[in-house]
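K.L.:
Take this structure, written in structure tokens, and hold onto it; I'll ask about it next.
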Amino acid sequence: MASHDIRVEINGVERQAAVESRLLLVHLLREMLGLTGTHIGCDTTHCGACTVLLDGQPVKSCTVLAVQADGRRVTTVEGLEKDGKLHPIQEGFWQEHGLQCGFCTPGMMMTASALLESNPDPDEAAIRQAISGNLCRCTGYVNIVKSVQYAAAKLRPEA
Ligand code: FES
Ligand code: FES
């Protein structure tokens, strides 16, 4: 199997790796780089637990090859907090009880992060549309929507 040398900026830090052509981005993150905040729920593009940002856009990292991230910017859930402080999205999930087991949570947060970047004041329908590719089997979606609304309010300039 051919090996490729890739460089990827991950959470603001340039990382290099020699990867097989078939290696998935989620396996690069979790197994080679130890970034286990990104979860694997299905491996078939259904659950969204593996969602990360690729150049700011949410992608399911079980469906992206590591070589496709070469020269690009990846943000994982580990990249949300700054200087030891929770990101407003993380704070929102904490304050609004947006999780139970937490398995879906990293993916939900990354999807929410991309949504709020493009739409700082989403209504409930827009939030539900944005997270429609992220499945939660235990919390239900009401508190997840509230969590995103909390973050949106906190991130708005007037807050
Ligand atoms: S693990 Fe990628 S969508 Fe489920
Ligand atoms: S919090 Fe358990 S799957 Fe969403």
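Note on naming: chains are A, B, ... as they come in the structure tokens, residues start from 1 per chain, ligands start from 1 in the order shown.
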Please tabulate, as a Markdown table, the residues of chain A that come within 7 Å of ligand 2, each with its closest pair of atoms and the distance in Å to one decimal, counting only C-alpha atoms and all ligand atoms and ordering rows by chain, then residue number upward.
P.N.:
| residue | atom | partner | partner_atom_place_in_ligand_line | distance |
| --- | --- | --- | --- | --- |
| A:Leu99 | CA | ligand 2 | 1 (S) | 4.1 |
| A:Gln100 | CA | ligand 2 | 1 (S) | 4.2 |
| A:Cys101 | CA | ligand 2 | 2 (Fe) | 3.9 |
| A:Gly102 | CA | ligand 2 | 1 (S) | 4.1 |
| A:Phe103 | CA | ligand 2 | 3 (S) | 5.0 |
| A:Cys104 | CA | ligand 2 | 4 (Fe) | 4.3 |
| A:Thr105 | CA | ligand 2 | 4 (Fe) | 5.9 |
| A:Leu135 | CA | ligand 2 | 3 (S) | 6.8 |
| A:Cys136 | CA | ligand 2 | 4 (Fe) | 3.7 |
| A:Arg137 | CA | ligand 2 | 3 (S) | 4.3 |
| A:Cys138 | CA | ligand 2 | 2 (Fe) | 4.5 |
| A:Thr139 | CA | ligand 2 | 1 (S) | 5.0 |
K.L.:
Counting only C-alpha atoms and all ligand atoms, what are the residues, protein, DNA or RNA alike, that approach ligand 1 to within 12 Å? I want them as a ChimeraX atom specification.
P.N.:
/A:24-27,30,38-52,58-64,103-104,106-108,132-136
K.L.:
Using only C-alpha atoms, find the one residue out of A:Ile89, A:Leu54, A:Ile131, A:Leu33 that sits nearest to Asp70 (chain A).
P.N.:
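For Asp70 (chain A), the nearest of the given residues is A:Leu54.
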K.L.:
I'd like to know which residues of chain A are strand (DSSP E) (by DSSP, run on the backbone); could you write them as a list in words?
P.N.:
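Output for chain A, strand (DSSP E) only: Ser3, His4, Asp5, Ile6, Arg7, Val8, Glu9, Ile10, Val13, Glu14, Arg15, Gln16, Ala17, Ala18, Val19, Glu20, Thr51, Val52, Leu53, Leu54, Gln57, Pro58, Val59, Lys60, Arg73, Val74 and Thr75 of chain A.
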K.L.:
What does the distance from CA of Glu96 (chain A) to CA of Ile144 (chain A) come to in Å, to one decimal?
P.N.:
7.6 Å
K.L.:
How far is it from CA of Tyr141 (chain A) to CA of Asp121 (chain A), in Å with one decimal?
P.N.:
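Rounded to one decimal, the two atoms are 18.2 Å apart.
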K.L.:
When you count only C-alpha atoms, which of these residues is closest to Leu80 (chain A): A:Leu29, A:Met109, A:Val13, A:Ala126?
P.N.:
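Of A:Leu29, A:Met109, A:Val13, A:Ala126, the one nearest Leu80 (chain A) is A:Met109, counting only C-alpha atoms.
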K.L.:
Quote the spacing between CA of Pro120 (chain A) and CA of Glu9 (chain A) in Å to one decimal place.
P.N.:
25.3 Å
K.L.:
In region 54-130 of chain A, what's helix (DSSP H, G or I) per DSSP? Answer as a ChimeraX atom specification?
P.N.:
/A:66-69,77-79,88-95,105-118,124-130
K.L.:
Given the selection you just returned, output its residues as a file containing N, CA and C atoms, formatted as an mmCIF file, in the first residue's frame.
P.N.:
data_model
loop_
_atom_site.group_PDB
_atom_site.id
_atom_site.type_symbol
_atom_site.label_atom_id
_atom_site.label_comp_id
_atom_site.auth_asym_id
_atom_site.auth_seq_id
_atom_site.Cartn_x
_atom_site.Cartn_y
_atom_site.Cartn_z
ATOM 1 N N ALA A 66 -7.576 10.566 4.806
ATOM 2 C CA ALA A 66 -6.572 11.449 5.418
ATOM 3 C C ALA A 66 -5.816 12.233 4.347
ATOM 4 N N VAL A 67 -5.540 11.614 3.219
ATOM 5 C CA VAL A 67 -4.799 12.325 2.163
ATOM 6 C C VAL A 67 -5.587 13.516 1.612
ATOM 7 N N GLN A 68 -6.911 13.468 1.729
ATOM 8 C CA GLN A 68 -7.724 14.600 1.254
ATOM 9 C C GLN A 68 -7.568 15.823 2.152
ATOM 10 N N ALA A 69 -7.042 15.609 3.354
ATOM 11 C CA ALA A 69 -6.846 16.738 4.279
ATOM 12 C C ALA A 69 -5.473 17.368 4.101
ATOM 13 N N VAL A 77 -13.046 18.791 18.128
ATOM 14 C CA VAL A 77 -13.653 19.306 19.361
ATOM 15 C C VAL A 77 -12.576 19.778 20.349
ATOM 16 N N GLU A 78 -11.398 19.187 20.278
ATOM 17 C CA GLU A 78 -10.318 19.625 21.178
ATOM 18 C C GLU A 78 -9.894 21.064 20.886
ATOM 19 N N GLY A 79 -10.219 21.539 19.675
ATOM 20 C CA GLY A 79 -9.819 22.890 19.288
ATOM 21 C C GLY A 79 -10.810 23.961 19.704
ATOM 22 N N PRO A 88 -18.198 28.959 24.105
ATOM 23 C CA PRO A 88 -19.637 29.132 24.386
ATOM 24 C C PRO A 88 -20.492 27.931 23.965
ATOM 25 N N ILE A 89 -20.085 27.232 22.921
ATOM 26 C CA ILE A 89 -20.864 26.044 22.524
ATOM 27 C C ILE A 89 -20.736 24.954 23.587
ATOM 28 N N GLN A 90 -19.535 24.756 24.093
ATOM 29 C CA GLN A 90 -19.351 23.764 25.156
ATOM 30 C C GLN A 90 -20.109 24.190 26.415
ATOM 31 N N GLU A 91 -20.036 25.487 26.706
ATOM 32 C CA GLU A 91 -20.746 26.009 27.873
ATOM 33 C C GLU A 91 -22.256 25.806 27.715
ATOM 34 N N GLY A 92 -22.740 26.013 26.487
ATOM 35 C CA GLY A 92 -24.169 25.843 26.231
ATOM 36 C C GLY A 92 -24.631 24.416 26.492
ATOM 37 N N PHE A 93 -23.860 23.442 26.047
ATOM 38 C CA PHE A 93 -24.239 22.042 26.280
ATOM 39 C C PHE A 93 -24.211 21.719 27.772
ATOM 40 N N TRP A 94 -23.283 22.364 28.488
ATOM 41 C CA TRP A 94 -23.193 22.172 29.937
ATOM 42 C C TRP A 94 -24.408 22.809 30.628
ATOM 43 N N GLN A 95 -24.685 24.055 30.295
ATOM 44 C CA GLN A 95 -25.740 24.809 30.974
ATOM 45 C C GLN A 95 -27.140 24.293 30.656
ATOM 46 N N THR A 105 -21.911 14.153 21.240
ATOM 47 C CA THR A 105 -21.694 15.568 21.564
ATOM 48 C C THR A 105 -20.565 16.242 20.779
ATOM 49 N N PRO A 106 -19.398 15.623 20.625
ATOM 50 C CA PRO A 106 -18.352 16.313 19.843
ATOM 51 C C PRO A 106 -18.817 16.654 18.427
ATOM 52 N N GLY A 107 -19.496 15.721 17.791
ATOM 53 C CA GLY A 107 -19.987 15.979 16.439
ATOM 54 C C GLY A 107 -21.047 17.067 16.423
ATOM 55 N N MET A 108 -21.952 17.022 17.406
ATOM 56 C CA MET A 108 -22.986 18.065 17.507
ATOM 57 C C MET A 108 -22.330 19.436 17.659
ATOM 58 N N MET A 109 -21.326 19.497 18.512
ATOM 59 C CA MET A 109 -20.670 20.781 18.768
ATOM 60 C C MET A 109 -19.971 21.310 17.514
ATOM 61 N N MET A 110 -19.344 20.436 16.765
ATOM 62 C CA MET A 110 -18.636 20.913 15.578
ATOM 63 C C MET A 110 -19.616 21.382 14.506
ATOM 64 N N THR A 111 -20.742 20.671 14.390
ATOM 65 C CA THR A 111 -21.773 21.104 13.443
ATOM 66 C C THR A 111 -22.338 22.454 13.881
ATOM 67 N N ALA A 112 -22.584 22.587 15.195
ATOM 68 C CA ALA A 112 -23.115 23.852 15.724
ATOM 69 C C ALA A 112 -22.130 24.983 15.494
ATOM 70 N N SER A 113 -20.859 24.673 15.656
ATOM 71 C CA SER A 113 -19.833 25.686 15.478
ATOM 72 C C SER A 113 -19.849 26.225 14.039
ATOM 73 N N ALA A 114 -19.969 25.333 13.071
ATOM 74 C CA ALA A 114 -20.025 25.772 11.666
ATOM 75 C C ALA A 114 -21.302 26.561 11.406
ATOM 76 N N LEU A 115 -22.403 26.115 11.994
ATOM 77 C CA LEU A 115 -23.669 26.837 11.802
ATOM 78 C C LEU A 115 -23.550 28.276 12.301
ATOM 79 N N LEU A 116 -23.038 28.430 13.523
ATOM 80 C CA LEU A 116 -22.993 29.768 14.121
ATOM 81 C C LEU A 116 -21.985 30.674 13.419
ATOM 82 N N GLU A 117 -21.025 30.073 12.766
ATOM 83 C CA GLU A 117 -20.076 30.858 11.969
ATOM 84 C C GLU A 117 -20.795 31.478 10.774
ATOM 85 N N SER A 118 -21.704 30.707 10.158
ATOM 86 C CA SER A 118 -22.382 31.210 8.957
ATOM 87 C C SER A 118 -23.699 31.913 9.284
ATOM 88 N N GLU A 124 -34.989 28.026 15.523
ATOM 89 C CA GLU A 124 -34.994 26.600 15.865
ATOM 90 C C GLU A 124 -34.956 25.724 14.609
ATOM 91 N N ALA A 125 -35.710 26.132 13.588
ATOM 92 C CA ALA A 125 -35.752 25.330 12.362
ATOM 93 C C ALA A 125 -34.365 25.235 11.725
ATOM 94 N N ALA A 126 -33.626 26.350 11.750
ATOM 95 C CA ALA A 126 -32.281 26.340 11.149
ATOM 96 C C ALA A 126 -31.332 25.449 11.948
ATOM 97 N N ILE A 127 -31.489 25.465 13.271
ATOM 98 C CA ILE A 127 -30.630 24.603 14.101
ATOM 99 C C ILE A 127 -30.955 23.137 13.832
ATOM 100 N N ARG A 128 -32.241 22.818 13.793
ATOM 101 C CA ARG A 128 -32.634 21.429 13.546
ATOM 102 C C ARG A 128 -32.180 20.959 12.159
ATOM 103 N N GLN A 129 -32.264 21.863 11.202
ATOM 104 C CA GLN A 129 -31.793 21.518 9.843
ATOM 105 C C GLN A 129 -30.280 21.243 9.870
ATOM 106 N N ALA A 130 -29.542 22.111 10.577
ATOM 107 C CA ALA A 130 -28.081 21.972 10.606
ATOM 108 C C ALA A 130 -27.660 20.656 11.251
#
K.L.:
Can you work out which one of A:Gly37, A:Gly71, A:Gly56, A:Leu23 has the shortest atom-to-atom distance to Ile6 (chain A), counting only C-alpha atoms?
P.N.:
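Ranked by minimum distance to Ile6 (chain A), first place goes to A:Gly71.
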